[in-house]
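Peer 1: So that you have it, the file is my_file.tsv, and it contains TSV, C-alpha atoms:
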```
chain	number	residue	atom	x	y	z
A	1	MET	CA	18.44	28.62	-17.90
A	2	THR	CA	20.74	30.48	-20.31
A	3	ASP	CA	19.69	31.79	-23.71
A	4	ASP	CA	21.77	29.10	-25.43
A	5	GLU	CA	20.07	26.34	-23.46
A	6	PHE	CA	16.70	27.89	-24.20
A	7	LYS	CA	17.44	28.02	-27.93
A	8	ALA	CA	18.75	24.43	-27.91
A	9	ALA	CA	15.56	23.19	-26.25
A	10	ARG	CA	13.46	25.11	-28.76
A	11	LYS	CA	15.47	23.62	-31.61
A	12	ARG	CA	14.87	20.08	-30.29
A	13	ARG	CA	11.13	20.80	-30.21
A	14	ASN	CA	11.21	22.13	-33.76
A	15	VAL	CA	13.10	19.05	-34.99
A	16	ALA	CA	10.49	16.82	-33.30
A	17	LEU	CA	7.73	18.81	-35.03
A	18	ALA	CA	9.46	18.50	-38.41
A	19	LEU	CA	9.82	14.73	-37.96
A	20	ALA	CA	6.14	14.45	-36.97
A	21	LEU	CA	5.04	16.40	-40.05
A	22	THR	CA	7.24	14.27	-42.32
A	23	ALA	CA	5.82	11.11	-40.75
A	24	PHE	CA	2.30	12.41	-41.37
A	25	VAL	CA	3.04	13.08	-45.06
A	26	VAL	CA	4.52	9.58	-45.47
A	27	LEU	CA	1.51	8.09	-43.66
A	28	VAL	CA	-0.98	9.80	-45.97
A	29	PHE	CA	1.04	8.67	-49.00
A	30	VAL	CA	1.08	5.02	-47.88
A	31	ILE	CA	-2.65	5.13	-47.03
A	32	THR	CA	-3.32	6.41	-50.55
A	33	ILE	CA	-1.29	3.57	-52.10
A	34	VAL	CA	-3.05	0.95	-49.93
A	35	LYS	CA	-6.51	2.36	-50.72
A	36	LEU	CA	-5.75	2.51	-54.44
A	37	GLY	CA	-4.48	-1.08	-54.29
A	38	ALA	CA	-7.67	-2.21	-52.54
A	39	ALA	CA	-9.83	-0.44	-55.14
B	1	MET	CA	6.53	45.35	-38.87
B	2	PRO	CA	8.42	43.47	-36.15
B	3	ASN	CA	12.13	42.84	-36.57
B	4	PRO	CA	12.61	39.14	-37.52
B	5	ALA	CA	15.85	39.02	-35.58
B	6	ALA	CA	14.04	40.21	-32.48
B	7	LEU	CA	11.36	37.52	-32.93
B	8	ASP	CA	14.09	34.91	-32.92
B	9	GLU	CA	15.36	36.05	-29.53
B	10	PRO	CA	13.78	34.34	-26.54
B	11	THR	CA	11.75	36.83	-24.55
B	12	THR	CA	12.97	36.89	-20.98
B	13	ALA	CA	9.89	38.61	-19.55
B	14	ALA	CA	7.32	35.84	-20.10
B	15	ARG	CA	9.80	32.99	-20.25
B	16	PRO	CA	9.06	29.94	-18.05
B	17	ALA	CA	11.79	28.40	-15.83
B	18	ARG	CA	12.51	26.01	-18.69
B	19	PRO	CA	10.93	25.72	-22.14
B	20	ALA	CA	8.48	22.90	-22.76
B	21	LEU	CA	10.23	19.71	-23.81
B	22	TRP	CA	8.88	17.17	-26.26
B	23	SER	CA	8.29	14.89	-23.26
B	24	ASP	CA	5.85	17.49	-21.86
B	25	TYR	CA	3.85	17.24	-25.07
B	26	VAL	CA	3.86	13.44	-24.75
B	27	GLN	CA	2.63	13.78	-21.14
B	28	LEU	CA	-0.22	16.02	-22.36
B	29	LEU	CA	-1.54	13.01	-24.28
B	30	LYS	CA	-2.04	11.01	-21.04
B	31	PRO	CA	-0.12	7.95	-22.30
B	32	ARG	CA	-1.41	5.59	-19.60
B	33	VAL	CA	-5.06	6.35	-20.42
B	34	MET	CA	-4.15	6.13	-24.10
B	35	SER	CA	-2.76	2.60	-23.66
B	36	LEU	CA	-6.08	1.35	-22.23
B	37	VAL	CA	-7.98	3.10	-25.03
B	38	VAL	CA	-5.73	1.49	-27.66
B	39	PHE	CA	-6.19	-1.92	-26.10
B	40	THR	CA	-10.02	-1.77	-26.00
B	41	ALA	CA	-10.20	-0.19	-29.48
B	42	LEU	CA	-7.97	-2.92	-30.88
B	43	THR	CA	-10.27	-5.52	-29.33
B	44	GLY	CA	-13.29	-3.95	-31.02
B	45	LEU	CA	-11.43	-3.85	-34.31
B	46	VAL	CA	-10.35	-7.50	-34.10
B	47	CYS	CA	-13.81	-8.69	-32.97
B	48	ALA	CA	-15.52	-7.13	-36.01
B	49	PRO	CA	-16.31	-9.92	-38.50
B	50	GLN	CA	-15.07	-8.02	-41.60
B	51	ASP	CA	-11.51	-8.35	-42.86
B	52	ILE	CA	-9.35	-5.24	-42.91
B	53	HIS	CA	-5.90	-4.50	-44.36
B	54	PRO	CA	-3.31	-4.64	-41.52
B	55	PHE	CA	-1.91	-1.21	-42.41
B	56	LEU	CA	-5.37	0.37	-42.32
B	57	ALA	CA	-6.03	-1.42	-39.01
B	58	ALA	CA	-2.85	0.16	-37.62
B	59	VAL	CA	-3.95	3.57	-38.94
B	60	ALA	CA	-7.35	3.15	-37.23
B	61	VAL	CA	-5.67	2.36	-33.90
B	62	LEU	CA	-3.28	5.31	-34.40
B	63	CYS	CA	-6.21	7.67	-35.06
B	64	ILE	CA	-8.04	6.47	-31.96
B	65	ALA	CA	-4.86	6.81	-29.86
B	66	VAL	CA	-4.16	10.33	-31.17
B	67	GLY	CA	-7.82	11.30	-30.71
B	68	ALA	CA	-7.75	10.06	-27.11
B	69	GLY	CA	-4.47	11.89	-26.51
B	70	ALA	CA	-5.90	15.08	-27.99
B	71	ALA	CA	-8.89	14.84	-25.66
B	72	GLY	CA	-6.43	14.45	-22.77
B	73	ALA	CA	-4.50	17.56	-23.86
B	74	LEU	CA	-7.73	19.57	-24.10
B	75	ASN	CA	-8.72	18.29	-20.64
B	76	MET	CA	-5.39	19.43	-19.17
B	77	ALA	CA	-5.66	22.81	-20.92
B	78	VAL	CA	-9.09	23.42	-19.39
B	79	GLU	CA	-8.28	22.02	-15.95
B	80	GLY	CA	-4.83	23.52	-15.34
B	81	ASP	CA	-5.99	25.47	-12.28
B	82	THR	CA	-7.86	22.53	-10.74
B	83	ASP	CA	-5.04	20.09	-11.47
B	84	ALA	CA	-2.62	22.36	-9.59
B	85	LEU	CA	-4.67	21.83	-6.41
B	86	MET	CA	-4.53	18.03	-6.45
B	87	LYS	CA	-1.56	15.86	-5.44
B	88	ARG	CA	-2.26	13.33	-8.20
B	89	THR	CA	-2.35	15.95	-10.98
B	90	ARG	CA	-0.21	18.91	-9.94
B	91	GLY	CA	2.84	17.66	-11.88
B	92	ARG	CA	0.97	17.81	-15.21
B	93	PRO	CA	2.56	20.14	-17.80
B	94	VAL	CA	-0.10	22.89	-17.75
B	95	ALA	CA	-0.69	22.73	-13.98
B	96	ALA	CA	3.07	22.93	-13.33
B	97	GLY	CA	3.43	25.85	-15.77
B	98	ARG	CA	5.72	24.03	-18.21
B	99	VAL	CA	3.26	24.35	-21.12
B	100	ALA	CA	1.08	27.43	-21.67
B	101	ARG	CA	-2.67	26.80	-21.58
B	102	GLY	CA	-3.10	28.21	-25.10
B	103	ASP	CA	-0.38	25.93	-26.48
B	104	ALA	CA	-2.04	22.86	-24.92
B	105	LEU	CA	-5.40	23.95	-26.33
B	106	ALA	CA	-4.00	24.47	-29.85
B	107	TYR	CA	-2.15	21.15	-29.65
B	108	GLY	CA	-5.36	19.33	-28.62
B	109	VAL	CA	-7.49	20.94	-31.33
B	110	LEU	CA	-4.90	20.28	-34.05
B	111	LEU	CA	-4.44	16.62	-33.10
B	112	SER	CA	-8.22	16.13	-32.85
B	113	LEU	CA	-8.73	17.47	-36.37
B	114	LEU	CA	-5.89	15.36	-37.78
B	115	ALA	CA	-7.12	12.16	-36.08
B	116	VAL	CA	-10.74	12.61	-37.19
B	117	MET	CA	-9.90	13.59	-40.77
B	118	LEU	CA	-7.40	10.76	-41.17
B	119	MET	CA	-9.91	8.25	-39.78
B	120	GLY	CA	-12.56	9.49	-42.21
B	121	LEU	CA	-10.27	9.42	-45.24
B	122	ALA	CA	-8.46	6.16	-44.48
B	123	LEU	CA	-11.27	4.11	-42.91
B	124	ASN	CA	-14.84	5.44	-42.91
B	125	TRP	CA	-16.86	8.41	-41.71
B	126	LEU	CA	-18.92	6.45	-39.16
B	127	ALA	CA	-15.73	5.70	-37.23
B	128	ALA	CA	-14.56	9.31	-37.74
B	129	GLY	CA	-17.91	10.65	-36.49
B	130	LEU	CA	-17.81	8.43	-33.40
B	131	LEU	CA	-14.22	9.54	-32.72
B	132	ALA	CA	-15.18	13.23	-33.07
B	133	PHE	CA	-18.18	12.70	-30.77
B	134	THR	CA	-15.95	10.99	-28.17
B	135	ILE	CA	-13.41	13.84	-28.17
B	136	VAL	CA	-16.07	16.55	-27.86
B	137	PHE	CA	-17.99	14.55	-25.25
B	138	TYR	CA	-14.88	14.14	-23.06
B	139	ALA	CA	-13.13	17.47	-23.59
B	140	TRP	CA	-16.19	19.70	-23.48
B	141	PHE	CA	-19.28	17.95	-22.07
B	142	TYR	CA	-17.47	15.97	-19.34
B	143	THR	CA	-14.55	18.31	-18.53
B	144	VAL	CA	-16.29	21.66	-18.77
B	145	ILE	CA	-19.88	20.86	-17.77
B	146	LEU	CA	-20.39	17.52	-16.04
B	147	LYS	CA	-17.30	17.20	-13.87
B	148	ARG	CA	-18.00	20.26	-11.75
B	149	SER	CA	-21.80	20.10	-11.72
B	150	THR	CA	-22.92	16.63	-10.65
B	151	PRO	CA	-21.68	13.65	-8.61
B	152	GLN	CA	-22.87	11.51	-11.54
B	153	ASN	CA	-19.97	12.99	-13.58
B	154	ILE	CA	-18.11	9.68	-13.73
B	155	VAL	CA	-21.22	7.72	-14.70
B	156	ILE	CA	-22.21	9.91	-17.66
B	157	GLY	CA	-18.66	10.88	-18.61
B	158	GLY	CA	-17.72	7.20	-18.63
B	159	ALA	CA	-19.40	6.98	-22.04
B	160	ALA	CA	-16.34	8.66	-23.57
B	161	GLY	CA	-14.02	5.99	-22.20
B	162	ALA	CA	-16.42	3.24	-23.25
B	163	LEU	CA	-16.64	4.24	-26.94
B	164	PRO	CA	-13.19	3.16	-28.27
B	165	PRO	CA	-14.15	-0.51	-28.92
B	166	VAL	CA	-17.20	0.72	-30.86
B	167	ILE	CA	-14.97	3.06	-32.88
B	168	GLY	CA	-12.56	0.18	-33.55
B	169	TRP	CA	-15.44	-2.08	-34.64
B	170	ALA	CA	-16.85	0.68	-36.88
B	171	ALA	CA	-13.41	1.33	-38.39
B	172	ALA	CA	-13.13	-2.31	-39.43
B	173	SER	CA	-16.69	-2.94	-40.58
B	174	GLY	CA	-18.34	0.42	-41.25
B	175	SER	CA	-21.11	-0.48	-38.80
B	176	ALA	CA	-21.75	-0.60	-35.05
B	177	PRO	CA	-23.90	-3.66	-34.26
B	178	LEU	CA	-25.25	-4.87	-30.91
B	179	ASP	CA	-22.08	-6.79	-29.98
B	180	ALA	CA	-20.03	-3.59	-30.33
B	181	TRP	CA	-22.41	-1.78	-27.99
B	182	LEU	CA	-22.15	-4.69	-25.55
B	183	LEU	CA	-18.42	-3.92	-25.25
B	184	PHE	CA	-19.40	-0.28	-24.71
B	185	LEU	CA	-21.82	-1.30	-21.95
B	186	ILE	CA	-19.19	-3.40	-20.15
B	187	ILE	CA	-16.76	-0.45	-19.90
B	188	PHE	CA	-19.61	1.97	-19.13
B	189	LEU	CA	-20.75	-0.13	-16.14
B	190	TRP	CA	-17.17	-0.84	-15.05
B	191	THR	CA	-16.24	2.86	-14.83
B	192	PRO	CA	-18.25	3.95	-11.74
B	193	PRO	CA	-17.02	1.20	-9.38
B	194	HIS	CA	-13.48	1.66	-10.71
B	195	PHE	CA	-13.32	5.43	-10.18
B	196	TRP	CA	-15.41	5.56	-7.02
B	197	ALA	CA	-13.11	2.97	-5.42
B	198	LEU	CA	-10.20	5.30	-6.24
B	199	SER	CA	-12.05	8.39	-5.04
B	200	LEU	CA	-12.85	6.72	-1.70
B	201	TYR	CA	-9.20	7.08	-0.72
B	202	THR	CA	-8.50	10.37	-2.53
B	203	THR	CA	-11.60	12.20	-1.24
B	204	ASP	CA	-9.60	15.05	0.33
B	205	ASP	CA	-7.93	15.85	-2.98
B	206	TYR	CA	-11.25	16.10	-4.85
B	207	ALA	CA	-12.84	18.16	-2.06
B	208	LYS	CA	-9.89	20.59	-2.11
B	209	ALA	CA	-10.30	21.05	-5.87
B	210	GLY	CA	-14.08	21.57	-5.53
B	211	ILE	CA	-14.95	18.56	-7.68
B	212	PRO	CA	-18.24	16.96	-6.58
B	213	MET	CA	-17.12	13.33	-6.62
B	214	MET	CA	-19.64	10.92	-5.14
B	215	PRO	CA	-17.87	10.42	-1.75
B	216	VAL	CA	-17.54	14.20	-1.32
B	217	VAL	CA	-21.23	14.93	-2.03
B	218	ARG	CA	-23.15	11.85	-0.90
B	219	GLY	CA	-20.69	10.40	1.59
B	220	ALA	CA	-18.65	7.22	1.75
B	221	ALA	CA	-21.47	4.86	2.82
B	222	SER	CA	-23.69	5.83	-0.14
B	223	THR	CA	-20.71	5.50	-2.52
B	224	ARG	CA	-19.88	2.00	-1.24
B	225	LYS	CA	-23.53	0.97	-1.71
B	226	GLN	CA	-23.55	2.29	-5.28
B	227	ILE	CA	-20.26	0.54	-6.06
B	228	LEU	CA	-21.86	-2.74	-4.95
B	229	ALA	CA	-25.01	-2.04	-7.03
B	230	TYR	CA	-22.98	-1.33	-10.18
B	231	SER	CA	-20.84	-4.43	-9.58
B	232	LEU	CA	-23.96	-6.60	-9.34
B	233	VAL	CA	-25.11	-5.29	-12.72
B	234	LEU	CA	-21.65	-5.37	-14.31
B	235	ALA	CA	-20.88	-9.04	-13.60
B	236	PRO	CA	-23.82	-10.52	-15.57
B	237	VAL	CA	-23.50	-7.94	-18.38
B	238	ALA	CA	-19.81	-8.85	-18.73
B	239	ALA	CA	-20.86	-12.48	-19.16
B	240	ALA	CA	-23.43	-11.59	-21.86
B	241	PRO	CA	-21.00	-11.89	-24.84
B	242	LEU	CA	-20.89	-15.59	-24.00
B	243	PHE	CA	-24.57	-15.82	-25.01
B	244	THR	CA	-24.44	-13.58	-28.09
B	245	GLY	CA	-21.61	-15.63	-29.60
B	246	LEU	CA	-19.06	-12.85	-29.24
B	247	GLY	CA	-17.18	-14.60	-26.43
B	248	GLY	CA	-16.01	-18.22	-26.37
B	249	ALA	CA	-15.04	-20.63	-23.60
B	250	ALA	CA	-11.98	-18.66	-22.45
B	251	TYR	CA	-13.98	-15.46	-22.30
B	252	GLY	CA	-16.74	-17.28	-20.41
B	253	ALA	CA	-14.31	-18.56	-17.79
B	254	VAL	CA	-12.69	-15.12	-17.33
B	255	SER	CA	-16.00	-13.26	-17.16
B	256	ILE	CA	-17.63	-15.66	-14.68
B	257	VAL	CA	-14.66	-16.13	-12.33
B	258	GLY	CA	-13.64	-12.46	-12.63
B	259	GLY	CA	-17.22	-11.27	-12.16
B	260	LEU	CA	-17.62	-13.30	-8.97
B	261	ALA	CA	-14.31	-11.97	-7.62
B	262	PHE	CA	-15.35	-8.39	-8.54
B	263	VAL	CA	-18.65	-8.72	-6.69
B	264	GLY	CA	-16.84	-10.33	-3.74
B	265	LEU	CA	-14.41	-7.41	-3.47
B	266	ALA	CA	-17.26	-4.91	-3.87
B	267	TRP	CA	-19.11	-6.69	-1.06
B	268	ARG	CA	-16.01	-6.45	1.17
B	269	LEU	CA	-15.73	-2.77	0.35
B	270	TYR	CA	-19.43	-2.26	1.13
B	271	ARG	CA	-18.90	-3.87	4.56
B	272	SER	CA	-15.77	-1.74	5.21
B	273	ARG	CA	-15.45	1.85	6.45
B	274	ALA	CA	-13.51	3.03	3.40
B	275	GLY	CA	-13.59	6.76	2.78
B	276	GLU	CA	-14.78	7.67	6.27
B	277	ALA	CA	-13.05	10.32	8.32
B	278	PRO	CA	-10.28	9.22	10.69
B	279	GLY	CA	-11.30	8.99	14.32
B	280	GLU	CA	-14.91	8.21	13.56
B	281	ARG	CA	-14.52	5.00	15.51
B	282	GLU	CA	-12.39	4.48	18.60
B	283	GLU	CA	-9.71	2.57	16.75
B	284	GLY	CA	-9.95	5.12	13.92
B	285	LEU	CA	-6.50	4.96	12.41
B	286	TYR	CA	-6.61	1.20	12.01
B	287	ASP	CA	-10.10	1.35	10.49
B	288	VAL	CA	-9.12	3.96	7.94
B	289	LYS	CA	-6.17	1.85	6.87
B	290	ALA	CA	-8.28	-1.30	6.66
B	291	GLY	CA	-11.03	0.53	4.73
B	292	ALA	CA	-8.60	2.09	2.30
B	293	LYS	CA	-7.21	-1.36	1.67
B	294	ALA	CA	-10.64	-2.66	0.59
B	295	ALA	CA	-11.03	0.29	-1.81
B	296	ARG	CA	-7.50	-0.16	-3.15
B	297	ASN	CA	-8.07	-3.89	-3.67
B	298	LEU	CA	-11.20	-3.28	-5.74
B	299	PHE	CA	-9.53	-0.47	-7.71
B	300	ALA	CA	-6.52	-2.64	-8.55
B	301	PHE	CA	-8.62	-5.70	-9.36
B	302	SER	CA	-10.96	-3.66	-11.58
B	303	ILE	CA	-8.04	-2.86	-13.90
B	304	LEU	CA	-6.99	-6.51	-14.05
B	305	TYR	CA	-10.62	-7.60	-14.62
B	306	LEU	CA	-11.22	-5.29	-17.59
B	307	PHE	CA	-7.84	-6.16	-19.06
B	308	ALA	CA	-8.54	-9.90	-18.73
B	309	LEU	CA	-12.01	-9.62	-20.32
B	310	PHE	CA	-10.73	-7.77	-23.38
B	311	ALA	CA	-7.55	-9.86	-23.59
B	312	ALA	CA	-9.70	-13.02	-23.73
B	313	LEU	CA	-11.79	-11.57	-26.58
B	314	LEU	CA	-8.66	-10.37	-28.36
B	315	ALA	CA	-7.04	-13.79	-28.08
B	316	GLU	CA	-10.15	-15.68	-29.23
B	317	HIS	CA	-10.84	-13.44	-32.24
B	318	GLY	CA	-7.17	-12.72	-32.99
B	319	LEU	CA	-6.54	-16.45	-33.38
B	320	LYS	CA	-9.38	-16.61	-35.90
B	321	GLY	CA	-7.58	-13.83	-37.80
B	322	SER	CA	-9.96	-11.04	-38.79
B	323	ILE	CA	-7.04	-8.86	-39.92
B	324	VAL	CA	-5.66	-10.10	-43.22
```
As structure tokens, how would this structure be written, given the file I've shared?
Peer 2:
Amino acid sequence: MTDDEFKAARKRRNVALALALTAFVVLVFVITIVKLGAA
Amino acid sequence: MPNPAALDEPTTAARPARPALWSDYVQLLKPRVMSLVVFTALTGLVCAPQDIHPFLAAVAVLCIAVGAGAAGALNMAVEGDTDALMKRTRGRPVAAGRVARGDALAYGVLLSLLAVMLMGLALNWLAAGLLAFTIVFYAWFYTVILKRSTPQNIVIGGAAGALPPVIGWAAASGSAPLDAWLLFLIIFLWTPPHFWALSLYTTDDYAKAGIPMMPVVRGAASTRKQILAYSLVLAPVAAAPLFTGLGGAAYGAVSIVGGLAFVGLAWRLYRSRAGEAPGEREEGLYDVKAGAKAARNLFAFSILYLFALFAALLAEHGLKGSIV
């Protein structure tokens, strides 16, 4: 595997991680809204 | 201080053949095991009499799925060396060298913490505590201690796989009553015949890896006898929800017909020569094939049986609509 391919694969992993973190933040936000609504 | 530019460069010395892909990290979560966990947890959640907001129900199932996946990642991190010795497991990311052991460990710990904390904050701390207990029980007590020390590893370790419906029930209701533990007991008693049937035709693999599975330590005949004994206990216990009011007519039909078929297949396996060394009888090769077939039949049916039991409960309670 070349350095470019290696970097591209690492970038894809980092993008996946960023998306996962964003999804987690959105999830916590929606949970908060739902819990506040229930209260 | 290290040069930031240098840190950005991939190091060729310790670089694997290819970097880990996101699919390797998905594989670390043992998706097939996760799907069964999600299904049984969802059944527990739907069977609980209390109403729960659909979004929070989805969050509870997500937490249980992520917790189960995290336990799987921790298991693969610990067992990389052993997995590499077995045909069934040598393609796993850590065993194959695609993901570093430390990365798998960190990934498992991080996901465990996230799943437990989210469960506690979004649902309740009983469910979060049960989830934390399940992860620790599987990843540490079963993987590190039990699995290599006793042929009863599957029996005791089966508790981890049996807890998801209780966690689901607790997430919905904040309690874990007798009916929830009845679901636990069904999976707990189902696990030994299910895994021992599998291990009867993968004995060589377990022996090579030094794992004291029942057929390796006690022999095939003793394993077949114990499979039959567990099946005879499992069938009536699986019918018990019919008498506590948890299961209705559909569940009753599935549990009784399925239970009889399960015991019938276990009896056939008991009468077979499954798991015995080739050449033990004159027509050895044929016997081994015939024996393996009996073990495979029970293994395959056991999956269908558990699925049908929980699907019946899910259908009966889902139609009543406990999620609003």
Peer 1: Hey, could you make a per-residue contact list for chain A against chain B with 10 Å as the cut-off, showing the nearest pair of atoms and its distance in Å to one decimal, counting only C-alpha atoms, sorted by chain and number, as a Markdown table?
Peer 2:
```
| residue | atom | partner | partner_atom | distance |
| --- | --- | --- | --- | --- |
| A:Met1 | CA | B:Arg18 | CA | 6.5 |
| A:Thr2 | CA | B:Arg18 | CA | 9.5 |
| A:Asp3 | CA | B:Pro10 | CA | 7.0 |
| A:Asp4 | CA | B:Pro10 | CA | 9.6 |
| A:Glu5 | CA | B:Arg18 | CA | 8.9 |
| A:Phe6 | CA | B:Pro19 | CA | 6.5 |
| A:Lys7 | CA | B:Pro10 | CA | 7.4 |
| A:Ala8 | CA | B:Pro19 | CA | 9.8 |
| A:Ala9 | CA | B:Pro19 | CA | 6.7 |
| A:Arg10 | CA | B:Pro19 | CA | 7.1 |
| A:Arg12 | CA | B:Trp22 | CA | 7.8 |
| A:Arg13 | CA | B:Trp22 | CA | 5.8 |
| A:Asn14 | CA | B:Trp22 | CA | 9.3 |
| A:Val15 | CA | B:Trp22 | CA | 9.9 |
| A:Ala16 | CA | B:Trp22 | CA | 7.2 |
| A:Leu17 | CA | B:Trp22 | CA | 9.0 |
| A:Phe24 | CA | B:Leu114 | CA | 9.4 |
| A:Leu27 | CA | B:Val59 | CA | 8.5 |
| A:Val28 | CA | B:Leu118 | CA | 8.1 |
| A:Val30 | CA | B:Phe55 | CA | 8.8 |
| A:Ile31 | CA | B:Ala122 | CA | 6.4 |
| A:Thr32 | CA | B:Ala122 | CA | 8.0 |
| A:Val34 | CA | B:Phe55 | CA | 7.9 |
| A:Lys35 | CA | B:Ala122 | CA | 7.6 |
| A:Ala38 | CA | B:His53 | CA | 8.7 |
```
Peer 1: Could you name the residues that touch Ser255 (chain B) at 8 Å or less, counting all atoms listed in the file, but leaving out those on the same chain fewer than 5 positions away, as a list of chain:residue names?
Peer 2: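 The residues satisfying every condition are B:Ala235, B:Ala238, B:Ala239, B:Leu309.
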Peer 1: Please tell me which residues are no farther than 10 Å from (-7.0, 17.5, -13.2) in the file, counting only C-alpha atoms, and write them as number ranges by chain.
Peer 2: B: 75-92, 94-95, 143, 206, 209, 211
Peer 1: Would you list the contacts of Ala180 (chain B) as a list in words, taking every protein, DNA or RNA residue within 7 Å and counting only C-alpha atoms, but skipping same-chain residues closer than 3 positions in sequence?
Peer 2: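 Contacts, with the query itself left out: Gly44, Pro165, Val166, Trp169, Ala176, Pro177, Leu183 and Phe184 of chain B.
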Peer 1: List the neighbours of Phe301 (chain B) out to 8 Å using only C-alpha atoms; skip same-chain residues closer than 4 positions along the sequence, and give me the result as a list in words.
Peer 2: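 Non-adjacent residues within range: Phe262, Asn297 and Tyr305 of chain B.
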Peer 1: Have a look at CA of Pro241 (chain B) and CA of Gly264 (chain B) and let me know their distance in Å, one decimal.
Peer 2: 21.6 Å
Peer 1: Between B:Leu28, B:Ala240, B:Leu319, B:Ile186, which one has atoms that come closest to Ala68 (chain B), using only C-alpha atoms?
Peer 2: B:Leu28
Peer 1: Between CA of Leu269 (chain B) and CA of Leu228 (chain B), measure the distance and give it in Å to one decimal.
Peer 2: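 These two atoms are separated by 8.1 Å.
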Peer 1: The centre and edge lengths of an axis-aligned box containing all atoms of region 148-158 of chain B present in the file, extended by 6 Å on each side, are to be given in Å to one decimal, as lines of an AutoDock Vina configuration file.
Peer 2:
```
center_x = -20.3
center_y = 13.7
center_z = -13.6
size_x = 17.2
size_y = 25.1
size_z = 22.0
```
Peer 1: How far is it from CA of Pro54 (chain B) to CA of Leu314 (chain B), in Å with one decimal?
Peer 2: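 According to the coordinates, CA of Pro54 (chain B) and CA of Leu314 (chain B) are separated by 15.3 Å.
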Peer 1: Could you check the closest approach to Phe39 (chain B) for each of B:Ala162, B:Ala207, B:Ala253, B:Ile135 and tell me which residue wins, using all atoms listed in the file?
Peer 2: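 Among B:Ala162, B:Ala207, B:Ala253, B:Ile135, it is B:Ala162 that comes nearest to Phe39 (chain B).
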Peer 1: Pull the neighbourhood of (-18.0, -6.2, -16.8) for me: all residues within 7 Å in file coordinates, counting all atoms listed in the file, as a PyMOL selection string.
Peer 2: chain B and resi 186-187+189-190+234-235+237-238+259+306
Peer 1: Hey, which of B:Val257, B:Val217, B:Leu304, B:Met119 ends up closest to Gly168 (chain B)? Count all atoms listed in the file.
Peer 2: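 Ranked by minimum distance to Gly168 (chain B), first place goes to B:Met119.
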Peer 1: Regenerate region 9-22 of chain A at the level of N, CA and C atoms and dump it as a short mmCIF file (atom, residue, chain, number, x, y, z; two decimals), in the coordinates of the input.
Peer 2:
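File written: selection.cif
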```
data_model
loop_
_atom_site.label_atom_id
_atom_site.label_comp_id
_atom_site.auth_asym_id
_atom_site.auth_seq_id
_atom_site.Cartn_x
_atom_site.Cartn_y
_atom_site.Cartn_z
N ALA A 9 16.80 23.92 -26.56
CA ALA A 9 15.56 23.19 -26.25
C ALA A 9 14.51 23.48 -27.30
N ARG A 10 14.45 24.74 -27.73
CA ARG A 10 13.46 25.11 -28.76
C ARG A 10 13.78 24.40 -30.07
N LYS A 11 15.07 24.29 -30.37
CA LYS A 11 15.47 23.62 -31.61
C LYS A 11 15.06 22.14 -31.57
N ARG A 12 15.27 21.50 -30.42
CA ARG A 12 14.87 20.08 -30.29
C ARG A 12 13.38 19.92 -30.53
N ARG A 13 12.59 20.85 -29.99
CA ARG A 13 11.13 20.80 -30.21
C ARG A 13 10.80 20.96 -31.68
N ASN A 14 11.48 21.89 -32.33
CA ASN A 14 11.21 22.13 -33.76
C ASN A 14 11.57 20.93 -34.61
N VAL A 15 12.69 20.26 -34.26
CA VAL A 15 13.10 19.05 -34.99
C VAL A 15 12.04 17.97 -34.80
N ALA A 16 11.54 17.81 -33.58
CA ALA A 16 10.49 16.82 -33.30
C ALA A 16 9.25 17.12 -34.14
N LEU A 17 8.90 18.39 -34.25
CA LEU A 17 7.73 18.81 -35.03
C LEU A 17 7.94 18.49 -36.52
N ALA A 18 9.15 18.78 -37.01
CA ALA A 18 9.46 18.50 -38.41
C ALA A 18 9.35 17.00 -38.70
N LEU A 19 9.89 16.19 -37.79
CA LEU A 19 9.82 14.73 -37.96
C LEU A 19 8.37 14.26 -37.96
N ALA A 20 7.55 14.84 -37.06
CA ALA A 20 6.14 14.45 -36.97
C ALA A 20 5.41 14.80 -38.27
N LEU A 21 5.70 15.99 -38.80
CA LEU A 21 5.04 16.40 -40.05
C LEU A 21 5.46 15.50 -41.22
N THR A 22 6.75 15.16 -41.26
CA THR A 22 7.24 14.27 -42.32
C THR A 22 6.56 12.91 -42.21
#
```
